[in-house]
file data.pdb (PDB, C-alpha atoms and all ligand atoms)
ATOM      1  CA  MET D   1    -106.049 -24.030   2.506
ATOM      2  CA  ARG D   2    -105.263 -27.260   0.644
ATOM      3  CA  THR D   3    -102.177 -29.196   1.668
ATOM      4  CA  ILE D   4    -100.572 -32.242   0.121
ATOM      5  CA  ALA D   5     -97.527 -34.245   1.139
ATOM      6  CA  PHE D   6     -95.415 -36.756  -0.738
ATOM      7  CA  LEU D   7     -93.599 -39.507   1.121
ATOM      8  CA  GLY D   8     -90.712 -40.855  -0.936
ATOM      9  CA  SER D   9     -89.509 -43.508   1.500
ATOM     10  CA  PRO D  10     -90.462 -47.140   1.065
ATOM     11  CA  ARG D  11     -90.109 -47.659   4.845
ATOM     12  CA  LYS D  12     -93.368 -47.303   6.737
ATOM     13  CA  ASP D  13     -92.644 -45.563  10.046
ATOM     14  CA  GLY D  14     -89.072 -45.020   8.873
ATOM     15  CA  ASN D  15     -87.175 -41.825   9.548
ATOM     16  CA  THR D  16     -88.673 -39.774   6.739
ATOM     17  CA  ASP D  17     -92.162 -41.032   7.538
ATOM     18  CA  LEU D  18     -91.719 -40.052  11.205
ATOM     19  CA  LEU D  19     -90.518 -36.574  10.215
ATOM     20  CA  LEU D  20     -93.511 -36.190   7.929
ATOM     21  CA  GLN D  21     -95.915 -37.411  10.599
ATOM     22  CA  GLU D  22     -94.604 -34.708  12.956
ATOM     23  CA  ALA D  23     -94.897 -32.013  10.290
ATOM     24  CA  VAL D  24     -98.490 -33.100   9.654
ATOM     25  CA  LYS D  25     -99.202 -32.961  13.397
ATOM     26  CA  GLY D  26     -97.796 -29.439  13.437
ATOM     27  CA  MET D  27    -100.045 -28.473  10.563
ATOM     28  CA  GLU D  28    -103.044 -30.024  12.285
ATOM     29  CA  SER D  29    -102.264 -28.058  15.441
ATOM     30  CA  ALA D  30    -102.643 -24.941  13.308
ATOM     31  CA  GLY D  31    -105.935 -26.088  11.784
ATOM     32  CA  LEU D  32    -104.672 -27.539   8.505
ATOM     33  CA  THR D  33    -105.085 -31.075   7.218
ATOM     34  CA  ALA D  34    -102.814 -32.771   4.722
ATOM     35  CA  ARG D  35    -103.438 -35.446   2.164
ATOM     36  CA  VAL D  36    -100.407 -37.740   2.188
ATOM     37  CA  PHE D  37     -99.370 -39.654  -0.935
ATOM     38  CA  ARG D  38     -97.189 -42.697  -0.207
ATOM     39  CA  LEU D  39     -95.354 -42.794  -3.498
ATOM     40  CA  ASN D  40     -93.989 -46.306  -2.989
ATOM     41  CA  LEU D  41     -97.524 -47.709  -2.977
ATOM     42  CA  MET D  42     -98.628 -45.887  -6.102
ATOM     43  CA  ASP D  43     -98.549 -46.785  -9.764
ATOM     44  CA  ILE D  44     -96.340 -44.040 -11.186
ATOM     45  CA  LYS D  45     -94.215 -44.782 -14.225
ATOM     46  CA  PRO D  46     -90.998 -42.886 -14.941
ATOM     47  CA  CYS D  47     -91.009 -40.053 -17.494
ATOM     48  CA  GLN D  48     -90.407 -41.450 -20.989
ATOM     49  CA  ASN D  49     -89.152 -38.141 -22.481
ATOM     50  CA  CYS D  50     -91.637 -38.773 -25.283
ATOM     51  CA  GLY D  51     -92.262 -35.066 -25.870
ATOM     52  CA  GLY D  52     -95.987 -35.637 -25.365
ATOM     53  CA  CYS D  53     -96.290 -32.707 -22.953
ATOM     54  CA  ASP D  54     -94.283 -30.224 -25.064
ATOM     55  CA  GLU D  55     -97.262 -28.790 -26.917
ATOM     56  CA  ASN D  56     -99.993 -28.676 -24.276
ATOM     57  CA  GLY D  57     -98.331 -29.404 -20.918
ATOM     58  CA  GLU D  58    -100.258 -32.655 -20.526
ATOM     59  CA  CYS D  59     -98.605 -35.977 -19.797
ATOM     60  CA  ILE D  60     -99.900 -38.807 -21.954
ATOM     61  CA  ILE D  61     -99.124 -41.597 -19.452
ATOM     62  CA  ASN D  62    -102.265 -42.832 -17.751
ATOM     63  CA  ASP D  63    -101.479 -43.804 -14.155
ATOM     64  CA  ASP D  64    -101.793 -42.502 -10.592
ATOM     65  CA  MET D  65    -100.049 -39.240 -11.548
ATOM     66  CA  ALA D  66    -103.368 -38.062 -12.991
ATOM     67  CA  GLU D  67    -104.661 -37.505  -9.467
ATOM     68  CA  ILE D  68    -101.375 -36.004  -8.287
ATOM     69  CA  TYR D  69    -101.350 -33.527 -11.180
ATOM     70  CA  ARG D  70    -104.801 -32.306 -10.110
ATOM     71  CA  GLU D  71    -103.723 -31.996  -6.487
ATOM     72  CA  ILE D  72    -100.481 -30.158  -7.312
ATOM     73  CA  ARG D  73    -102.443 -27.612  -9.336
ATOM     74  CA  THR D  74    -104.727 -26.656  -6.491
ATOM     75  CA  ALA D  75    -102.559 -27.154  -3.393
ATOM     76  CA  ASP D  76    -101.514 -24.168  -1.304
ATOM     77  CA  ARG D  77     -98.908 -26.057   0.731
ATOM     78  CA  ILE D  78     -96.751 -28.922  -0.532
ATOM     79  CA  ILE D  79     -94.451 -31.135   1.547
ATOM     80  CA  LEU D  80     -91.827 -33.313  -0.090
ATOM     81  CA  ALA D  81     -90.283 -35.896   2.242
ATOM     82  CA  SER D  82     -87.491 -38.173   1.056
ATOM     83  CA  PRO D  83     -84.690 -40.326   2.375
ATOM     84  CA  ILE D  84     -81.277 -39.687   0.869
ATOM     85  CA  PHE D  85     -80.311 -42.523  -1.445
ATOM     86  CA  PHE D  86     -76.987 -42.340  -3.284
ATOM     87  CA  PHE D  87     -76.598 -38.663  -2.345
ATOM     88  CA  THR D  88     -79.948 -37.457  -3.613
ATOM     89  CA  VAL D  89     -83.678 -38.083  -3.272
ATOM     90  CA  SER D  90     -85.039 -41.645  -3.476
ATOM     91  CA  ALA D  91     -86.117 -43.162  -6.784
ATOM     92  CA  GLN D  92     -89.760 -42.968  -5.705
ATOM     93  CA  THR D  93     -89.356 -39.220  -5.174
ATOM     94  CA  LYS D  94     -87.395 -38.669  -8.364
ATOM     95  CA  ILE D  95     -90.000 -40.428 -10.495
ATOM     96  CA  LEU D  96     -92.632 -38.020  -9.155
ATOM     97  CA  ILE D  97     -90.352 -35.057  -9.847
ATOM     98  CA  ASP D  98     -89.511 -36.145 -13.393
ATOM     99  CA  ARG D  99     -93.178 -36.589 -14.203
ATOM    100  CA  CYS D 100     -93.586 -32.890 -13.387
ATOM    101  CA  GLN D 101     -91.817 -32.170 -16.658
ATOM    102  CA  SER D 102     -95.337 -31.506 -17.968
ATOM    103  CA  PHE D 103     -95.582 -28.572 -15.531
ATOM    104  CA  TRP D 104     -92.146 -27.436 -16.727
ATOM    105  CA  CYS D 105     -93.466 -27.322 -20.310
ATOM    106  CA  GLU D 106     -96.577 -25.511 -19.183
ATOM    107  CA  LYS D 107     -94.589 -22.922 -17.231
ATOM    108  CA  TYR D 108     -91.549 -22.328 -19.406
ATOM    109  CA  LEU D 109     -92.637 -23.265 -22.961
ATOM    110  CA  LEU D 110     -96.308 -22.327 -22.875
ATOM    111  CA  LYS D 111     -95.741 -19.475 -20.367
ATOM    112  CA  LYS D 112     -98.678 -20.611 -18.262
ATOM    113  CA  PRO D 113     -97.393 -21.191 -14.724
ATOM    114  CA  ILE D 114     -99.697 -22.524 -12.018
ATOM    115  CA  GLY D 115    -101.310 -19.560 -10.261
ATOM    116  CA  GLY D 116    -100.356 -18.511  -6.745
ATOM    117  CA  GLY D 117    -103.877 -19.016  -5.360
ATOM    118  CA  LYS D 118    -105.495 -17.152  -2.522
ATOM    119  CA  TYR D 119    -102.808 -17.949   0.070
ATOM    120  CA  GLY D 120     -99.634 -18.077  -2.036
ATOM    121  CA  ARG D 121     -97.868 -21.404  -2.437
ATOM    122  CA  LYS D 122     -95.292 -22.627   0.066
ATOM    123  CA  GLY D 123     -93.243 -25.790   0.361
ATOM    124  CA  LEU D 124     -91.412 -27.859   2.923
ATOM    125  CA  LEU D 125     -88.628 -30.330   2.189
ATOM    126  CA  LEU D 126     -87.856 -33.066   4.730
ATOM    127  CA  LEU D 127     -84.752 -35.231   4.310
ATOM    128  CA  ALA D 128     -83.202 -38.091   6.271
ATOM    129  CA  GLY D 129     -79.823 -39.622   5.480
ATOM    130  CA  GLY D 130     -77.886 -42.386   7.180
ATOM    131  CA  MET D 131     -74.424 -41.042   6.426
ATOM    132  CA  LYS D 132     -72.850 -37.865   7.757
ATOM    133  CA  LYS D 133     -72.090 -36.371   4.374
ATOM    134  CA  GLU D 134     -73.632 -32.957   3.642
ATOM    135  CA  ILE D 135     -73.402 -33.521  -0.101
ATOM    136  CA  GLY D 136     -76.474 -35.768   0.153
ATOM    137  CA  ILE D 137     -78.549 -32.894   1.501
ATOM    138  CA  GLN D 138     -77.055 -30.447  -1.006
ATOM    139  CA  CYS D 139     -77.851 -32.654  -4.012
ATOM    140  CA  ALA D 140     -81.352 -33.540  -2.792
ATOM    141  CA  GLU D 141     -82.030 -29.874  -2.017
ATOM    142  CA  THR D 142     -80.970 -28.845  -5.519
ATOM    143  CA  THR D 143     -83.317 -31.373  -7.125
ATOM    144  CA  ALA D 144     -86.174 -30.492  -4.791
ATOM    145  CA  ARG D 145     -85.681 -26.786  -5.458
ATOM    146  CA  ALA D 146     -86.093 -27.395  -9.193
ATOM    147  CA  PHE D 147     -89.260 -29.382  -8.426
ATOM    148  CA  PHE D 148     -90.768 -26.675  -6.243
ATOM    149  CA  ARG D 149     -89.987 -23.852  -8.654
ATOM    150  CA  THR D 150     -91.334 -25.848 -11.616
ATOM    151  CA  ILE D 151     -94.660 -26.337  -9.867
ATOM    152  CA  SER D 152     -94.691 -22.639  -8.945
ATOM    153  CA  VAL D 153     -93.851 -22.943  -5.262
ATOM    154  CA  PRO D 154     -91.579 -19.902  -4.893
ATOM    155  CA  ASP D 155     -90.439 -20.561  -1.316
ATOM    156  CA  HIS D 156     -89.714 -23.648   0.709
ATOM    157  CA  ASP D 157     -88.044 -24.487   3.997
ATOM    158  CA  THR D 158     -85.668 -27.434   4.241
ATOM    159  CA  LEU D 159     -85.026 -29.700   7.204
ATOM    160  CA  GLY D 160     -82.325 -32.289   6.597
ATOM    161  CA  TYR D 161     -80.976 -34.784   9.139
ATOM    162  CA  LEU D 162     -77.860 -36.889   8.701
ATOM    163  CA  GLY D 163     -76.532 -39.849  10.652
ATOM    164  CA  VAL D 164     -79.990 -41.390  11.017
ATOM    165  CA  ASP D 165     -79.784 -44.806   9.425
ATOM    166  CA  ALA D 166     -81.662 -47.508  11.333
ATOM    167  CA  LYS D 167     -85.436 -47.449  11.092
ATOM    168  CA  GLY D 168     -86.689 -45.093  13.794
ATOM    169  CA  ALA D 169     -83.253 -43.621  14.576
ATOM    170  CA  ILE D 170     -84.739 -40.148  14.119
ATOM    171  CA  LEU D 171     -86.631 -40.718  17.385
ATOM    172  CA  GLU D 172     -83.291 -40.408  19.215
ATOM    173  CA  HIS D 173     -82.398 -37.123  17.513
ATOM    174  CA  PRO D 174     -82.455 -34.262  20.038
ATOM    175  CA  THR D 175     -84.355 -31.731  17.901
ATOM    176  CA  ALA D 176     -85.617 -33.282  14.643
ATOM    177  CA  LEU D 177     -89.192 -34.152  15.564
ATOM    178  CA  LYS D 178     -89.834 -30.846  17.295
ATOM    179  CA  GLU D 179     -88.376 -28.945  14.355
ATOM    180  CA  ALA D 180     -90.532 -30.927  11.915
ATOM    181  CA  PHE D 181     -93.614 -30.153  14.030
ATOM    182  CA  GLU D 182     -92.778 -26.437  14.068
ATOM    183  CA  ALA D 183     -92.061 -26.394  10.329
ATOM    184  CA  GLY D 184     -95.457 -27.980   9.692
ATOM    185  CA  LYS D 185     -97.133 -25.453  11.972
ATOM    186  CA  LYS D 186     -95.387 -22.625  10.158
ATOM    187  CA  LEU D 187     -96.968 -23.703   6.873
ATOM    188  CA  ALA D 188    -100.294 -22.412   8.160
ATOM    189  CA  VAL D 189     -99.110 -18.781   8.159
TER     190      VAL D 189
HETATM  191  C1  LIG K 201     -80.259 -47.568  -1.606
HETATM  192  C2  LIG K 201     -79.794 -46.747  -0.440
HETATM  193  C3  LIG K 201     -78.897 -45.730  -0.644
HETATM  194  C4  LIG K 201     -78.499 -44.899   0.400
HETATM  195  N1  LIG K 201     -77.649 -43.874   0.153
HETATM  196  C5  LIG K 201     -77.364 -42.982   1.137
HETATM  197  C6  LIG K 201     -76.577 -41.830   0.859
HETATM  198  O1  LIG K 201     -76.083 -41.604  -0.250
HETATM  199  N2  LIG K 201     -76.387 -40.932   1.849
HETATM  200  C7  LIG K 201     -76.896 -41.113   3.094
HETATM  201  O2  LIG K 201     -76.725 -40.241   3.953
HETATM  202  N3  LIG K 201     -77.621 -42.222   3.407
HETATM  203  C8  LIG K 201     -77.892 -43.153   2.449
HETATM  204  N4  LIG K 201     -78.672 -44.245   2.725
HETATM  205  C9  LIG K 201     -79.208 -44.442   4.085
HETATM  206  C10 LIG K 201     -80.619 -43.886   4.234
HETATM  207  O3  LIG K 201     -80.668 -42.539   3.863
HETATM  208  C11 LIG K 201     -81.088 -44.019   5.671
HETATM  209  O4  LIG K 201     -81.214 -45.390   6.013
HETATM  210  C12 LIG K 201     -82.369 -43.288   5.979
HETATM  211  O5  LIG K 201     -82.604 -43.270   7.361
HETATM  212  C13 LIG K 201     -83.553 -43.930   5.290
HETATM  213  O6  LIG K 201     -84.696 -43.179   5.589
HETATM  214  P1  LIG K 201     -86.145 -43.886   5.812
HETATM  215  O7  LIG K 201     -86.105 -44.612   7.111
HETATM  216  O8  LIG K 201     -87.090 -42.779   5.802
HETATM  217  O9  LIG K 201     -86.364 -44.790   4.635
HETATM  218  C14 LIG K 201     -79.024 -45.130   1.706
HETATM  219  C15 LIG K 201     -79.908 -46.191   1.917
HETATM  220  C16 LIG K 201     -80.294 -46.995   0.861
HETATM  221  C17 LIG K 201     -81.284 -48.112   1.100
END
call {"tool": "encode", "arguments": {"input": "data.pdb", "output": "structure tokens", "more": "lines below"}}
Ligand SMILES: Cc1cc2nc3c(=O)[nH]c(=O)nc-3n(C[C@H](O)[C@H](O)[C@H](O)COP(=O)(O)O)c2cc1C
result
Amino acid sequence: MRTIAFLGSPRKDGNTDLLLQEAVKGMESAGLTARVFRLNLMDIKPCQNCGGCDENGECIINDDMAEIYREIRTADRIILASPIFFFTVSAQTKILIDRCQSFWCEKYLLKKPIGGGKYGRKGLLLLAGGMKKEIGIQCAETTARAFFRTISVPDHDTLGYLGVDAKGAILEHPTALKEAFEAGKKLAV
């Protein structure tokens, strides 16, 4: 089973990173390994809405997305982990999502969705926000849902934590890390 994870936080060992690390540990406890992409360290340009992918579903921008496109096609499990910035996912996460417009064209215009693979495709969304305003989780969830469905992940679980602002504050949360571990473990079944 192939698993990939996208970290959309620029903060190494920040709250989203810590949640993702626990989810990966949970996966590893169930025999899976994950390849983690730290989006902030990658060369990924924003979608230019050039229409280049309309006809064949292929993005014409040549950058680190080339590798991510290949991985998204073949992954069985996909984790998206993002902090909440201005009531939605971070810019790093959104750039990745927008660049999946090529998969949108492939699925909805060319009617060639990514196949379900041997194990079916499943997703996990991890969110951390500093404020205590649910709208941040709702907006991020809506965007992430569109991402998952576009790349033919029909189901995903969501874990969102609010009121965690300082770097590492998630470590004080009574249940977050355990829940992230269990959610990662659950991806194996
Ligand atoms: C640019 C920016 C915008 C933010 N906007 C929000 C917001 O709209 N809602 C919220 O709950 N927290 C917001 N926060 C706080 C972060 O979500 C919070 O610090 C979170 O723990 C960061 O996660 P990280 O440690 O994984 O980077 C914002 C932080 C930054 C830097």
call {"tool": "closest_residue", "arguments": {"input": "data.pdb", "among": "D:Thr3, D:Ser29, D:Thr88, D:Asn49", "to": "ligand LIG 201 (chain K)", "atoms": "all atoms listed in the file"}}
result
D:Thr88
call {"tool": "axis_aligned_box", "arguments": {"input": "data.pdb", "around": "ligand LIG 201 (chain K)", "padding_each_side": "8 Å", "output": "AutoDock Vina command-line options"}}
result
--center_x -81.6 --center_y -44.2 --center_z 2.9 --size_x 27.0 --size_y 23.9 --size_z 25.0
call {"tool": "residues_around", "arguments": {"input": "data.pdb", "residues": "region 161-168 of chain D", "least_positions_apart": "6", "cutoff": "10 Å", "atoms": "all atoms listed in the file", "output": "PyMOL selection string"}}
result
chain D and resi 11-19+83-84+126-134+136-137+175-176
call {"tool": "residues_around", "arguments": {"input": "data.pdb", "residues": "Ala183 (chain D)", "least_positions_apart": "4", "cutoff": "12 Å", "atoms": "only C-alpha atoms", "output": "compact mmCIF listing (two decimals) with C-alpha atoms, in the frame of the given file"}}
result
# COMPACT_ATOMS: atom_id res chain seq x y z
CA LEU D 19 -90.52 -36.57 10.22
CA LEU D 20 -93.51 -36.19 7.93
CA GLN D 21 -95.92 -37.41 10.60
CA GLU D 22 -94.60 -34.71 12.96
CA ALA D 23 -94.90 -32.01 10.29
CA VAL D 24 -98.49 -33.10 9.65
CA LYS D 25 -99.20 -32.96 13.40
CA GLY D 26 -97.80 -29.44 13.44
CA MET D 27 -100.04 -28.47 10.56
CA GLU D 28 -103.04 -30.02 12.28
CA SER D 29 -102.26 -28.06 15.44
CA ALA D 30 -102.64 -24.94 13.31
CA ARG D 77 -98.91 -26.06 0.73
CA ILE D 79 -94.45 -31.14 1.55
CA LYS D 122 -95.29 -22.63 0.07
CA GLY D 123 -93.24 -25.79 0.36
CA LEU D 124 -91.41 -27.86 2.92
CA LEU D 125 -88.63 -30.33 2.19
CA LEU D 126 -87.86 -33.07 4.73
CA HIS D 156 -89.71 -23.65 0.71
CA ASP D 157 -88.04 -24.49 4.00
CA THR D 158 -85.67 -27.43 4.24
CA LEU D 159 -85.03 -29.70 7.20
CA GLY D 160 -82.32 -32.29 6.60
CA ALA D 176 -85.62 -33.28 14.64
CA LEU D 177 -89.19 -34.15 15.56
CA LYS D 178 -89.83 -30.85 17.30
CA GLU D 179 -88.38 -28.94 14.36
CA LEU D 187 -96.97 -23.70 6.87
CA ALA D 188 -100.29 -22.41 8.16
CA VAL D 189 -99.11 -18.78 8.16
call {"tool": "residues_around", "arguments": {"input": "data.pdb", "residues": "Trp104 (chain D)", "least_positions_apart": "2", "cutoff": "10 Å", "atoms": "all atoms listed in the file", "output": "number ranges by chain"}}
result
D: 53-54, 57, 98-102, 106-113, 146-147, 149-152
call {"tool": "closest_residue", "arguments": {"input": "data.pdb", "among": "D:Ala34, D:Cys105, D:Val89, D:Ile68", "to": "Glu55 (chain D)", "atoms": "only C-alpha atoms"}}
result
D:Cys105
call {"tool": "closest_residue", "arguments": {"input": "data.pdb", "among": "D:Lys45, D:Lys186, D:Arg38, D:Lys118", "to": "ligand LIG 201 (chain K)", "atoms": "all atoms listed in the file"}}
result
D:Arg38
call {"tool": "residues_near_point", "arguments": {"input": "data.pdb", "point": "(-99.2, -15.4, -5.2)", "cutoff": "12 Å", "atoms": "all atoms listed in the file", "output": "PyMOL selection string"}}
result
chain D and resi 76+113-122+152-155
call {"tool": "closest_residue", "arguments": {"input": "data.pdb", "among": "D:Cys59, D:Ala144, D:Leu41, D:Ala169", "to": "ligand LIG 201 (chain K)", "atoms": "all atoms listed in the file"}}
result
D:Ala169
call {"tool": "closest_residue", "arguments": {"input": "data.pdb", "among": "D:Leu96, D:Met42, D:Ala91, D:Ile78", "to": "ligand LIG 201 (chain K)", "atoms": "only C-alpha atoms and all ligand atoms"}}
result
D:Ala91
call {"tool": "atom_distance", "arguments": {"input": "data.pdb", "atom1": "CA of Met65 (chain D)", "atom2": "atom C10 of ligand LIG 201 (chain K)"}}
result
25.5 Å
call {"tool": "atom_distance", "arguments": {"input": "data.pdb", "atom1": "CA of Phe148 (chain D)", "atom2": "CA of Thr33 (chain D)"}}
result
20.1 Å
call {"tool": "atom_distance", "arguments": {"input": "data.pdb", "atom1": "atom N3 of ligand LIG 201 (chain K)", "atom2": "CA of Arg35 (chain D)"}}
result
26.7 Å
call {"tool": "closest_residue", "arguments": {"input": "data.pdb", "among": "D:Phe103, D:Phe181, D:Phe37, D:Phe86", "to": "ligand LIG 201 (chain K)", "atoms": "all atoms listed in the file"}}
result
D:Phe86
call {"tool": "decode", "arguments": {"input": "data.pdb", "residues": "region 7-17 of chain D", "atoms": "all heavy atoms", "output": "compact mmCIF listing (two decimals), in the first residue's frame"}}
result
# COMPACT_ATOMS: atom_id res chain seq x y z
N LEU D 7 2.63 18.11 4.10
CA LEU D 7 2.65 19.03 5.24
C LEU D 7 2.62 20.46 4.71
O LEU D 7 3.53 20.90 4.02
CB LEU D 7 3.91 18.81 6.08
CG LEU D 7 4.04 19.79 7.25
CD1 LEU D 7 2.93 19.59 8.28
CD2 LEU D 7 5.41 19.66 7.92
N GLY D 8 1.55 21.17 5.06
CA GLY D 8 1.36 22.53 4.56
C GLY D 8 1.77 23.62 5.52
O GLY D 8 1.51 24.79 5.27
N SER D 9 2.40 23.23 6.63
CA SER D 9 2.87 24.25 7.58
C SER D 9 4.32 24.59 7.31
O SER D 9 5.13 23.71 7.06
CB SER D 9 2.75 23.75 9.02
OG SER D 9 3.43 24.65 9.89
N PRO D 10 4.66 25.88 7.42
CA PRO D 10 6.07 26.25 7.31
C PRO D 10 6.85 25.97 8.59
O PRO D 10 8.08 26.00 8.59
CB PRO D 10 6.01 27.76 7.03
CG PRO D 10 4.73 28.21 7.66
CD PRO D 10 3.77 27.05 7.55
N ARG D 11 6.13 25.67 9.70
CA ARG D 11 6.82 25.51 10.99
C ARG D 11 7.23 24.07 11.22
O ARG D 11 6.38 23.20 11.43
CB ARG D 11 5.87 25.91 12.14
CG ARG D 11 5.96 27.36 12.48
CD ARG D 11 5.56 27.72 13.87
NE ARG D 11 4.23 27.43 14.32
CZ ARG D 11 3.61 28.08 15.30
NH1 ARG D 11 4.21 29.10 15.87
NH2 ARG D 11 2.41 27.75 15.68
N LYS D 12 8.55 23.84 11.20
CA LYS D 12 9.05 22.49 11.51
C LYS D 12 8.76 22.20 12.99
O LYS D 12 8.98 23.04 13.85
CB LYS D 12 10.56 22.43 11.25
CG LYS D 12 11.12 21.05 11.48
CD LYS D 12 12.48 20.87 10.88
CE LYS D 12 13.18 19.60 11.33
NZ LYS D 12 12.38 18.50 11.79
N ASP D 13 8.24 21.03 13.25
CA ASP D 13 7.83 20.63 14.60
C ASP D 13 6.76 21.55 15.19
O ASP D 13 6.62 21.68 16.40
CB ASP D 13 9.04 20.54 15.55
CG ASP D 13 10.01 19.46 15.13
OD1 ASP D 13 9.55 18.42 14.62
OD2 ASP D 13 11.23 19.65 15.30
N GLY D 14 6.02 22.21 14.31
CA GLY D 14 4.86 22.99 14.74
C GLY D 14 3.68 22.05 14.99
O GLY D 14 3.81 20.82 14.93
N ASN D 15 2.54 22.63 15.22
CA ASN D 15 1.38 21.82 15.64
C ASN D 15 0.91 20.85 14.56
O ASN D 15 0.61 19.68 14.84
CB ASN D 15 0.26 22.75 16.08
CG ASN D 15 0.70 23.57 17.27
OD1 ASN D 15 1.28 23.03 18.21
ND2 ASN D 15 0.47 24.88 17.23
N THR D 16 0.87 21.32 13.33
CA THR D 16 0.45 20.44 12.24
C THR D 16 1.47 19.34 12.00
O THR D 16 1.11 18.17 11.78
CB THR D 16 0.27 21.25 10.94
OG1 THR D 16 -0.36 22.49 11.24
CG2 THR D 16 -0.55 20.50 9.93
N ASP D 17 2.74 19.72 12.06
CA ASP D 17 3.83 18.75 11.88
C ASP D 17 3.73 17.66 12.95
O ASP D 17 3.85 16.46 12.66
CB ASP D 17 5.16 19.50 11.95
CG ASP D 17 6.34 18.67 11.44
OD1 ASP D 17 6.13 17.53 11.00
OD2 ASP D 17 7.48 19.17 11.49
